[in-house]
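S.K.: Input: one structure, supplied below.
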Amino acid sequence: MSELRRPIESGVPDSTQFMHPTLVKNYGQWAWHDRPRPGVLRHVAESGETMYTIKAGTQRQMDVYTIRKLADIADEFCDGYVRFTIRSAVEFMTPVEANVQPLIDRLEAEGFPVGGTGNSVGFISHTQGWLHCDIPGTDASGVVKALMDQLVDEFKHEEMPNRVKITTSCCQINCGGQGDIAINVQHTKPPVINHELVAGVCERPAVIARCPVAAIRPALVNGKPSLEVDEKKCVCCGACYPPCPPMQINDPVNSKIAIWVGGKHSSTRSKPMFHKLVAAGIPNNAPRWPEAAEIVRNILGAYKADARAWERMGEWIERIGWPRFFELTGLPFTKYHVDNWRGGRANLNTSAHLHF
Amino acid sequence: MSELRRPIESGVPDSTQFMHPTLVKNYGQWAWHDRPRPGVLRHVAESGETMYTIKAGTQRQMDVYTIRKLADIADEFCDGYVRFTIRSAVEFMTPVEANVQPLIDRLEAEGFPVGGTGNSVGFISHTQGWLHCDIPGTDASGVVKALMDQLVDEFKHEEMPNRVKITTSCCQINCGGQGDIAINVQHTKPPVINHELVAGVCERPAVIARCPVAAIRPALVNGKPSLEVDEKKCVCCGACYPPCPPMQINDPVNSKIAIWVGGKHSSTRSKPMFHKLVAAGIPNNAPRWPEAAEIVRNILGAYKADARAWERMGEWIERIGWPRFFELTGLPFTKYHVDNWRGGRANLNTSAHLHF
Amino acid sequence: MSKKMPETPLLDQLESGPWPSFVTGLKRLATDEGKPYADYMKSLLGQLELSYETRKGYWKGGTVGVFGYGAGVIPRFSEVADKHPESSEFHTLRIMPAPGFFYDTKTLRDLCDIWAEHGSGLIALHGQSGDIMMQGCRTEQVQQAWDKINAMGFDMGGAGAGVRTAASCIGPARCEQACFDTLKAHRTVINDFTDDIHRPSLPYKMKFKFSGCANDCANATQRADVAVIGTWRDDMQVNQDEVKAKVAQLGRKEFINQVIRMCPSQALALNDDDSLDIDNKSCVRCMHCINVCTKALKPGKDRGIAILVGGKRTLKIGDLMGSVLVPFMKMDSDEDYERLLELAHNMLDFFAENALEHERTGEMIERIGVVNYLEGIGLELDVNMIAQPRTNSYVRTDGWDEEARKWNDRKTNAAE
Amino acid sequence: MSKKMPETPLLDQLESGPWPSFVTGLKRLATDEGKPYADYMKSLLGQLELSYETRKGYWKGGTVGVFGYGAGVIPRFSEVADKHPESSEFHTLRIMPAPGFFYDTKTLRDLCDIWAEHGSGLIALHGQSGDIMMQGCRTEQVQQAWDKINAMGFDMGGAGAGVRTAASCIGPARCEQACFDTLKAHRTVINDFTDDIHRPSLPYKMKFKFSGCANDCANATQRADVAVIGTWRDDMQVNQDEVKAKVAQLGRKEFINQVIRMCPSQALALNDDDSLDIDNKSCVRCMHCINVCTKALKPGKDRGIAILVGGKRTLKIGDLMGSVLVPFMKMDSDEDYERLLELAHNMLDFFAENALEHERTGEMIERIGVVNYLEGIGLELDVNMIAQPRTNSYVRTDGWDEEARKWNDRKTNAAE
Ligand code: SRM
Ligand code: SRM
Ligand code: SRM
Ligand code: SRM
Ligand code: SF4
Ligand code: SF4
Ligand code: SF4
Ligand code: SF4
Ligand code: SF4
Ligand code: SF4
Ligand code: SF4
Ligand code: SF4
């Protein structure tokens, strides 16, 4: 019986077996790279050998047909090897320069946009959403698709000041991580407690412990042990919901979208940055989220027009200043932008540095 | 009876009456300035008129003879006007270039070092200490005198990368403020409570409220209401001492000197900075504090040798990195340097920016 | 007698437009009549359409696993199984790919075949932590699917309060900036923690990520409890002729703007002959100038890693970034990799013993203080750990002399 | 029959060396036989020598004042009056000088004469807050001394929980960088708060400081509850010929290093013809390039002030810097100065009503939140107030639309 088969606890496999021989041969011996055109990298090894990488977008959530199609292409042009990037783009590598254009043509023909290299808008980092997660306030695949449809030209061209890393997260937990632009769910009302369920499913001390502002108290409701939320304190973070599904935070109207900018993981030039809230109260308008997409395009447009070469979104804004960011994008500045969480003072302007 | 005379609540007098006519005439019309030599400023007005300022050091705590001597000099060279700077240096101003050298000679002859302009070490900001304050852990006038004796050449010459603002504070309250270098008292043991006195003089709730770490509790000692200190919690800040003198924090041995660097008030280039702890445990060695002076000279020497033009102390260290600062000065780096106060995380290196 | 395709007017709007459509993929599966997943996916589409209509999710968790392991399957049971019964169970198997996400096409096809047989036919390459997510599996199929995947040489990824699937940048396999072997480090560490991945019993999750340089293509600093990042200690390598070529290409003013002016530590100056004056002592190894001048500049030769600890996302106290705990370790020999592994174990053990429930490493450090954490895992203080020393006087320093002596002794020993 | 000079072997060691010695000054007074202060200062020297010997201070506070005022005298009673009886009382009168610390010599001499008659002969020019500190006075002499000083046209400074003596940089009197009249602003504000200076009844102290530009020679940002700092809104003034002269003087490389590379906002570029390319939109008005090129660059012509609030030193939560509350106000007409005064009153009133005991403005804002403070004093939000927007999602935003509308209305109104 397969039920009794002990797993082979093999961990991760050795990558070498899956690497193109040119990579194996020049492992650790790469000398420099450039980008002959958007979507294409050329890495040259100390040995003089060259590897071309053609990068294309995918939908990440792939049906087996899509994956098999990618495999077909890899067989035809890349000696049967392919890889995916950390952002779920697909990379085809070939040492044969003559393969590059046909490969691009083929990918485009099959509906995989070629791009995402250098100073382009990369593929949006993707989370689970309504398709799979148990706590989402919105979908992820849909948001990503709707946005990438609008940003595909920016994916295919390298016309941004620097790389643009966009992320989405379908709840405030933020599995999508920090981004130059992040499109995240932001709840705007305290959870509505389903008291019927609390008694049954919730470990009350655990959920009380999760609340960052101690807004949850044990309570007797209709004679049964339940919970209550201090609505004055609650910051609508949704942290109580995963451990206690009766704390219903998701709401078709009050779970909104917020947009954040200027997150940065790299330590390149500036230190890594967290993304900063710029717009909230945006309707969770499935299936194409036009209001959110509009703001994203607006921000990207301002960045593209105004930032300097190599400035990431957050660095650009630091240079031009937040006043100018709000001016250029026309986004309203509100009291919600002013940090009032622990240590929020660090986000005040404690200097005479001013932007006019 | 004078006791019944109502004060004339006149506030601050109009400065114009005390200003040299050349200043009054060119008020708000200055065009540019330079420094013909250390200790001398030349300000040129739009009108073409020129004002020379000759700056000299004082002891701040001046006897009437010293002040009268300064007045004599001002009468002789400056038409009877003189001013003091925000750091208690004295400034003699004259529109007559021919007065400059004789004035310098006279000041030097009378024992007032001329300098403190531009990229020199300015006069040390001064607090009260044993001469007048009710809570000092050390003297201020003595520390300042002992240090300035050693730094007088740096006061008279402009050989530092930028201005150096040194401060002293005779207790942790820090009336001397932030400095490129700050020489401050740092207590190293919790207060020893004089229980006899507590009952008599101390408002217990007030002192309990002052403690930043809630280390003070009401207690009954020998049957009388007193206080006790949780020595595990106490951070030896001395904040309980001013409201409650029986909380004896000052100690001839355990009240030490600490040295801080990189404070900066200006918003010039970098935003204003707080000074950072670099050395502690230094004996409070009156009357000349040789150990503290030695460390100050060491730090100044490293800064002078290594920093670039216009870099303030803190900016220099930010560029070269703290590892190199400790290397160049040979000062030990300890766990006490690592911030563990509220928000201390902000002082960790949250990046891959490294200095080797 | 196959199930009818549900009406999906909302989802259908996600089929137009130039970007590859997941809806088209789902429909392709749903309409692949005769395949075990066809009705399954019709039902799934129905539920998803409902979510789009009502703007609510309908999955809940539960307990599903494979024999021998305590984690790796993300169980999903539908709350609307009455309306969409076939997809009432839609679990995900998290499978760890080879470091660097490399595949040959046979492997990809084999995975597809397994998933066409036992699952929904829907695979995500990859999850944000780096797993192959085989999405959509009925409880009864989970073990069989797993057995086949496992037999292929793949193992299950992390979930729950254990060590999680790691991620690494492509590193030396194709990147000239890699200062250590990210793929080897990834494999060395993760394959020694399989027990903690598969039988989670930590206070909360623990993630490792490996980036070959400060560009941090693996997002390690902010998204891993333990971020391993390549760096170098000696001077960067310069080819002044290529520098001059770059100056010529960009023009002087623009070269100054893009390179000199953007260096975060003002370590670069342009000589009057258009060669570069590099102050390697000030350089913070940020990679910027190297990125701009890929032919002219390179990391130095004395390479290794820095380790940053404590990164995580939002829950409980707000996002935390990792912070430097180890500024440099050589990563040349196998022994070096073993030392990294040993350190990783120390970190895990300390975390296991000292973290509160549902507390990440970063939060634990925030609570106990980084100095105590260092002592706990047996690491020494280093100045690179801090952005700056304390700015407040709220500290009891009566052990100063003793601590100063320790430092001085270390320095003397190091010098000997 | 005068008192014997005490032995001061420790203090004597502070008489040598090139810097002016306060000990020599004290001895000069102590040995000025026949003067009322001679024995007083002998006794003081004895007590001070004791402090140097034992490394302890021997003063305690008490209550001493002048008729009509509740503060301004710092009372000092000796704890070692048994050994040093003449100096058992050694109070200080804090007297506010003219803004900018200007004197004519007659005034200085008159002050000296008063202090020779009624005090110790020891005067500090000036205290860290900016007072003339007439140091060392017996209780019985305080009122007489004060009457004479007051008659000269001087008033008492602050102490205790009230408005404190202010400080201002020399500003337009001699500095080409001054963007407003620091001396006028100082006088306008302070002279309207005399009641709060002289009869302190606030929760704690409140300080104003005035600096004419971002160089902040008055240390306002960090040492004042309300810091008024000059700045400008339009483009800075440039003389390109002087720029070229400066480039020639320093050399190109060094000019780039000292000016271009050091601009905090990368607002400067050097054109190939050695003229300066200034991006005034990025410039943060930091003054650096202007400081370096005093002849070539100047602040713009549309000048005014920014107001930073909340600076203070260490007590209770660690040092606080002021932060921007008002990014720009014109400061040309008398009405402008009146508006500043009105705002200062609002700040004081709000502080008086809302701060806890012994809480400074900065701590109060920290506790109640800057947005509430703004509302309290009737100021509008401005983006320059923040270094960056919030980085955490812990906020209830259900009033978003309303707040957005407010902002948009303001912008529309401003545009009209
Ligand atoms: C393939 C990939 C690594 C992998 O193992 O999968 C990768 C590959 C390269 N990155 Fe990256 N980066 C990859 C994700 C990242 C990420 C993480 C992410 O995207 O989620 C980051 C950090 C993002 C952030 O800071 O938020 C990242 C920050 C960089 C940077 C620093 C950019 C900056 O200025 O901040 C560079 C340097 C550069 O641009 O020259 C870089 C440079 C590179 C180079 C040029 C390195 C090299 O010499 O080969 C590679 C070519 C990139 C290209 O397509 O132009 N890569 N790179 C990842 C591609 C993701 C994608 O599909 O777009
Ligand atoms: C006279 C004085 C103002 C007063 O009203 O008393 C003053 C006067 C000038 N300052 Fe200042 N500063 C004076 C205290 C300060 C202070 C506060 C202090 O010393 O406690 C600071 C802030 C200190 C800090 O950041 O911690 C200060 C930061 C500056 C700066 C910015 C320096 C920097 O790079 O950070 C400049 C700009 C410069 O150096 O060109 C400056 C420039 C100047 C100029 C050049 C302004 C001008 O164009 O006339 C003046 C000549 C200074 C000289 O002696 O070289 N002044 N200056 C103060 C002299 C104090 C002294 O005796 O040395
Ligand atoms: C699947 C995935 C998103 C995706 O579509 O790619 C995901 C999905 C979930 N994450 Fe995540 N996280 C995923 C990567 C991340 C990342 C990114 C990373 O690893 O680089 C983060 C941010 C980094 C971090 O670890 O902090 C992340 C931070 C969280 C957190 C917040 C942890 C925190 O300390 O703040 C939670 C909440 C929790 O664990 O209680 C969470 C919880 C969850 C749960 C288990 C929700 C829950 O509590 O029930 C989600 C299950 C969804 C599902 O049905 O599959 N997920 N999660 C990613 C894992 C796939 C994989 O194995 O490759
Ligand atoms: C005299 C003076 C030092 C000097 O020698 O120059 C001084 C002396 C004292 N300060 Fe101060 N402070 C003096 C300027 C400052 C400054 C600097 C400034 O104003 O720019 C500061 C830092 C800025 C600030 O306000 O935070 C300062 C921050 C303090 C504090 C801490 C306040 C805080 O909120 O952290 C205290 C403690 C208190 O008020 O409870 C304090 C308290 C004291 C007391 C009253 C000690 C006490 O509680 O008994 C000292 C009286 C000494 C005496 O016998 O004369 N002093 N004090 C300065 C006032 C002279 C003058 O009026 O010109
Ligand atoms: S962001 Fe939230 S809803 Fe989305 S996958 Fe992560 S945990 Fe689930
Ligand atoms: S939503 Fe967040 S703040 Fe509100 S009760 Fe739940 S855990 Fe607490
Ligand atoms: S620093 Fe402390 S001891 Fe010195 S004058 Fe200020 S309050 Fe008094
Ligand atoms: S010294 Fe400071 S920490 Fe210690 S008891 Fe007194 S107030 Fe509290
Ligand atoms: S992190 Fe560095 S080494 Fe790794 S892929 Fe990115 S650039 Fe290359
Ligand atoms: S790597 Fe970064 S810090 Fe080092 S010289 Fe280049 S740009 Fe400057
Ligand atoms: S703050 Fe500015 S205006 Fe005032 S003296 Fe200093 S440089 Fe001049
Ligand atoms: S004033 Fe400061 S910010 Fe503005 S251009 Fe000059 S150096 Fe740059």
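Residue numbering restarts at 1 for every chain of the structure tokens, chains are lettered A, B, ... in their displayed order, and ligands are numbered from 1 as they appear.
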What do you get as a ChimeraX atom specification if you pick all residues at most 6 Å from ligand 3, counting only C-alpha atoms and all ligand atoms?
M.R.: /A:126-128,132-134,173-177,242 /C:94,126-131,223,312-315,360
S.K.: What are the closest atom pairs, with distances in Å to one decimal, for each residue of chain A lying within 10 Å of ligand 9, using only C-alpha atoms and all ligand atoms, rows by chain and rising residue number, as JSON lines?
M.R.:
{"residue": "A:Thr85", "atom": "CA", "partner": "ligand 9", "partner_atom_place_in_ligand_line": "5 (S)", "distance": 9.8}
{"residue": "A:Ile86", "atom": "CA", "partner": "ligand 9", "partner_atom_place_in_ligand_line": "5 (S)", "distance": 9.8}
{"residue": "A:Ser266", "atom": "CA", "partner": "ligand 9", "partner_atom_place_in_ligand_line": "1 (S)", "distance": 8.4}
S.K.: Keeping only N, CA, C and O atoms, write those residues as a PDB file, in the first residue's frame.
M.R.:
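Output file selection.pdb follows:
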ATOM      1  N   THR A  85      12.306  32.285 -13.158  1.00  0.00           N
ATOM      2  CA  THR A  85      12.957  33.254 -12.283  1.00  0.00           C
ATOM      3  C   THR A  85      12.220  33.328 -10.964  1.00  0.00           C
ATOM      4  O   THR A  85      11.120  32.789 -10.802  1.00  0.00           O
ATOM      5  N   ILE A  86      12.812  34.073 -10.090  1.00  0.00           N
ATOM      6  CA  ILE A  86      12.249  34.286  -8.769  1.00  0.00           C
ATOM      7  C   ILE A  86      10.890  34.996  -8.842  1.00  0.00           C
ATOM      8  O   ILE A  86      10.097  34.943  -7.914  1.00  0.00           O
ATOM      9  N   SER A 266      16.774  45.264  -2.680  1.00  0.00           N
ATOM     10  CA  SER A 266      18.219  45.301  -2.923  1.00  0.00           C
ATOM     11  C   SER A 266      18.896  46.284  -1.976  1.00  0.00           C
ATOM     12  O   SER A 266      18.268  47.227  -1.487  1.00  0.00           O
TER      13      SER A 266
END
S.K.: Pick out the residues sitting within 7 Å of segment 39-55 of chain A, and hand them over as a count of residues only; count only C-alpha atoms, and ignore anything fewer than 2 positions along from it in its own chain.
M.R.: 23
S.K.: Could you list, with a cut-off of 6 Å and counting only C-alpha atoms and all ligand atoms, the residues of chain D near ligand 11, each shown with its nearest atom pair and the distance in Å rounded to one decimal, rows sorted by chain and ascending number, as JSON lines?
M.R.:
{"residue": "D:Cys169", "atom": "CA", "partner": "ligand 11", "partner_atom_place_in_ligand_line": "4 (Fe)", "distance": 4.6}
{"residue": "D:Ile170", "atom": "CA", "partner": "ligand 11", "partner_atom_place_in_ligand_line": "5 (S)", "distance": 5.1}
{"residue": "D:Gly171", "atom": "CA", "partner": "ligand 11", "partner_atom_place_in_ligand_line": "4 (Fe)", "distance": 4.4}
{"residue": "D:Cys175", "atom": "CA", "partner": "ligand 11", "partner_atom_place_in_ligand_line": "8 (Fe)", "distance": 4.6}
{"residue": "D:Gln177", "atom": "CA", "partner": "ligand 11", "partner_atom_place_in_ligand_line": "3 (S)", "distance": 4.4}
{"residue": "D:Ala178", "atom": "CA", "partner": "ligand 11", "partner_atom_place_in_ligand_line": "3 (S)", "distance": 3.4}
{"residue": "D:Ser211", "atom": "CA", "partner": "ligand 11", "partner_atom_place_in_ligand_line": "1 (S)", "distance": 4.4}
{"residue": "D:Gly212", "atom": "CA", "partner": "ligand 11", "partner_atom_place_in_ligand_line": "3 (S)", "distance": 3.5}
{"residue": "D:Cys213", "atom": "CA", "partner": "ligand 11", "partner_atom_place_in_ligand_line": "2 (Fe)", "distance": 3.8}
{"residue": "D:Asn215", "atom": "CA", "partner": "ligand 11", "partner_atom_place_in_ligand_line": "1 (S)", "distance": 4.7}
{"residue": "D:Asp216", "atom": "CA", "partner": "ligand 11", "partner_atom_place_in_ligand_line": "1 (S)", "distance": 4.1}
{"residue": "D:Cys217", "atom": "CA", "partner": "ligand 11", "partner_atom_place_in_ligand_line": "1 (S)", "distance": 4.2}
S.K.: Compute the set of protein, DNA and RNA residues whose minimum atom distance to ligand 12 is at most 7 Å, using only C-alpha atoms and all ligand atoms, and state it as a list in words.
M.R.: Thr268 and Arg269 of chain B; Val259, Met262, Cys263, Pro264, Ser265, Gln266, Ala267, Leu268, Ile278, Asn280, Cys283, Val284, Arg285, Cys286, Met287, His288, Cys289 and Ile290 of chain D
S.K.: Hey, which residues sit close to ligand 6? Say within 8 Å, counting only C-alpha atoms and all ligand atoms, and write them as a ChimeraX atom specification.
M.R.: /A:189-191,207-208,210-216,229-231,233-241,247,249 /D:394
S.K.: For the residues in that selection, give me C-alpha atoms as a short mmCIF file (atom, residue, chain, number, x, y, z; two decimals), in the first residue's frame.
M.R.:
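What ended up in selection_34.cif:
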data_model
loop_
_atom_site.label_atom_id
_atom_site.label_comp_id
_atom_site.auth_asym_id
_atom_site.auth_seq_id
_atom_site.Cartn_x
_atom_site.Cartn_y
_atom_site.Cartn_z
CA LYS A 189 -13.65 48.03 9.18
CA PRO A 190 -13.12 45.89 12.27
CA PRO A 191 -13.99 42.23 11.91
CA VAL A 207 -6.52 34.95 18.71
CA ILE A 208 -6.37 37.48 21.52
CA ARG A 210 -2.45 37.86 17.71
CA CYS A 211 -3.98 41.29 17.85
CA PRO A 212 -1.25 43.92 17.58
CA VAL A 213 -3.23 46.49 19.52
CA ALA A 214 -4.89 44.30 22.14
CA ALA A 215 -8.32 45.15 20.81
CA ILE A 216 -9.82 41.72 21.36
CA VAL A 229 -13.51 43.84 19.52
CA ASP A 230 -12.82 47.32 20.77
CA GLU A 231 -13.62 49.20 17.61
CA LYS A 233 -8.57 50.43 19.03
CA CYS A 234 -8.86 48.03 16.11
CA VAL A 235 -6.55 48.90 13.21
CA CYS A 236 -8.37 46.51 10.86
CA CYS A 237 -5.27 44.48 10.14
CA GLY A 238 -6.99 41.14 9.84
CA ALA A 239 -4.41 39.32 11.94
CA CYS A 240 -7.17 37.75 14.03
CA TYR A 241 -8.81 36.15 11.04
CA MET A 247 -13.52 37.07 13.05
CA ILE A 249 -12.67 40.69 8.34
CA TYR D 394 -1.94 49.22 10.84
#
S.K.: Rank A:His157, A:Lys271, A:His355, A:Lys165 by their smallest atom-to-atom distance to chain B, using only C-alpha atoms, and report the top residue only.
M.R.: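 Ranked by minimum distance to chain B, first place goes to A:Lys271.
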S.K.: Could you pull out the strand (DSSP E) residues of segment 53-99 of chain A from DSSP and send them as a list in words?
M.R.: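 Checking each residue of segment 53-99 of chain A, the strand (DSSP E) ones are Thr53, Ile54, Lys55, Ala56, Gln61, Met62, Asp63, Tyr81, Val82, Arg83, Phe84, Val90, Glu91, Phe92, Met93 and Thr94 of chain A.
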S.K.: Using Å and a single decimal, report how far atom CA of Gly17 of chain D sits from atom CA of Gln61 of chain B.
M.R.: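 Separation between atom CA of Gln61 of chain B and atom CA of Gly17 of chain D: 16.8 Å.
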S.K.: Excluding segment 303-309 of chain D and residues on its chain fewer than 2 positions from it, collect all residues at most 7 Å away from it, counting only C-alpha atoms, and give them as an MDAnalysis selection string.
M.R.: chainID D and resid 179:180 221 225:233 300:301 311 322:331 362
S.K.: Using only C-alpha atoms, please write the residues we just selected to a file, as a PDB file, in the first residue's frame.
M.R.:
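Resulting contents of selection-v3.pdb:
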ATOM      1  CA  CYS D 179      16.107  84.197   4.973  1.00  0.00           C
ATOM      2  CA  PHE D 180      14.124  86.173   7.521  1.00  0.00           C
ATOM      3  CA  THR D 221      15.984  71.933  15.509  1.00  0.00           C
ATOM      4  CA  ASP D 225      10.216  73.104  21.321  1.00  0.00           C
ATOM      5  CA  VAL D 226       9.525  75.536  18.521  1.00  0.00           C
ATOM      6  CA  ALA D 227      12.295  76.029  15.970  1.00  0.00           C
ATOM      7  CA  VAL D 228      11.870  78.760  13.386  1.00  0.00           C
ATOM      8  CA  ILE D 229      14.224  78.289  10.471  1.00  0.00           C
ATOM      9  CA  GLY D 230      14.674  80.389   7.375  1.00  0.00           C
ATOM     10  CA  THR D 231      14.280  78.920   3.910  1.00  0.00           C
ATOM     11  CA  TRP D 232      13.161  79.842   0.401  1.00  0.00           C
ATOM     12  CA  ARG D 233      10.709  78.525  -2.166  1.00  0.00           C
ATOM     13  CA  GLY D 300      16.343  82.406  -3.659  1.00  0.00           C
ATOM     14  CA  LYS D 301      14.330  85.581  -3.324  1.00  0.00           C
ATOM     15  CA  GLY D 311      12.946  69.278  19.888  1.00  0.00           C
ATOM     16  CA  GLY D 322      11.937  68.915  16.110  1.00  0.00           C
ATOM     17  CA  SER D 323       9.965  67.954  13.050  1.00  0.00           C
ATOM     18  CA  VAL D 324       8.451  70.107  10.363  1.00  0.00           C
ATOM     19  CA  LEU D 325       4.968  71.370  11.113  1.00  0.00           C
ATOM     20  CA  VAL D 326       4.922  74.409   8.877  1.00  0.00           C
ATOM     21  CA  PRO D 327       7.036  74.075   5.762  1.00  0.00           C
ATOM     22  CA  PHE D 328       6.734  77.674   4.662  1.00  0.00           C
ATOM     23  CA  MET D 329       5.419  81.004   5.810  1.00  0.00           C
ATOM     24  CA  LYS D 330       6.308  84.342   4.317  1.00  0.00           C
ATOM     25  CA  MET D 331       7.998  86.614   6.805  1.00  0.00           C
ATOM     26  CA  GLY D 362       7.647  66.780  21.609  1.00  0.00           C
TER      27      GLY D 362
END
S.K.: With only C-alpha atoms considered, list every residue of chain D at most 9 Å from chain C, as a VMD selection string.
M.R.: chain D and resid 252 to 254 256 to 257 260 to 263 266 268 to 272 314 317 to 319 391 to 394
S.K.: Please, which residues of chain B lie no more than 8 Å from chain A when the count uses only C-alpha atoms, and can they be set out as a list in words?
M.R.: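 My answer is Ser267, Lys271, Pro272, Gly343, Thr350, Ser351, Ala352 and His353 of chain B.
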S.K.: Write the residues you've just listed into a file as a PDB file, in the first residue's frame, and include N, CA, C and O atoms for each of them.
M.R.:
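Writing the result to result03.pdb gives the following:
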ATOM      1  N   SER B 267      21.010  71.348   9.357  1.00  0.00           N
ATOM      2  CA  SER B 267      20.425  70.511   8.305  1.00  0.00           C
ATOM      3  C   SER B 267      21.283  70.596   7.047  1.00  0.00           C
ATOM      4  O   SER B 267      20.819  70.299   5.953  1.00  0.00           O
ATOM      5  N   LYS B 271      20.683  65.372   7.245  1.00  0.00           N
ATOM      6  CA  LYS B 271      19.716  65.819   8.236  1.00  0.00           C
ATOM      7  C   LYS B 271      20.413  65.898   9.599  1.00  0.00           C
ATOM      8  O   LYS B 271      21.455  65.282   9.797  1.00  0.00           O
ATOM      9  N   PRO B 272      19.839  66.649  10.525  1.00  0.00           N
ATOM     10  CA  PRO B 272      20.440  66.708  11.862  1.00  0.00           C
ATOM     11  C   PRO B 272      20.613  65.314  12.459  1.00  0.00           C
ATOM     12  O   PRO B 272      19.810  64.418  12.190  1.00  0.00           O
ATOM     13  N   GLY B 343      12.944  51.343  20.072  1.00  0.00           N
ATOM     14  CA  GLY B 343      13.227  51.686  18.676  1.00  0.00           C
ATOM     15  C   GLY B 343      14.673  51.446  18.305  1.00  0.00           C
ATOM     16  O   GLY B 343      15.129  51.874  17.247  1.00  0.00           O
ATOM     17  N   THR B 350      20.409  47.249   8.719  1.00  0.00           N
ATOM     18  CA  THR B 350      19.416  46.469   7.981  1.00  0.00           C
ATOM     19  C   THR B 350      19.684  46.565   6.485  1.00  0.00           C
ATOM     20  O   THR B 350      18.840  47.034   5.713  1.00  0.00           O
ATOM     21  N   SER B 351      20.828  46.121   6.096  1.00  0.00           N
ATOM     22  CA  SER B 351      21.218  46.185   4.688  1.00  0.00           C
ATOM     23  C   SER B 351      22.448  45.335   4.501  1.00  0.00           C
ATOM     24  O   SER B 351      23.066  44.893   5.470  1.00  0.00           O
ATOM     25  N   ALA B 352      22.796  45.136   3.262  1.00  0.00           N
ATOM     26  CA  ALA B 352      24.070  44.472   2.984  1.00  0.00           C
ATOM     27  C   ALA B 352      25.185  45.502   2.796  1.00  0.00           C
ATOM     28  O   ALA B 352      26.231  45.192   2.248  1.00  0.00           O
ATOM     29  N   HIS B 353      24.961  46.720   3.236  1.00  0.00           N
ATOM     30  CA  HIS B 353      26.038  47.714   3.176  1.00  0.00           C
ATOM     31  C   HIS B 353      27.051  47.396   4.274  1.00  0.00           C
ATOM     32  O   HIS B 353      26.726  47.408   5.452  1.00  0.00           O
TER      33      HIS B 353
END
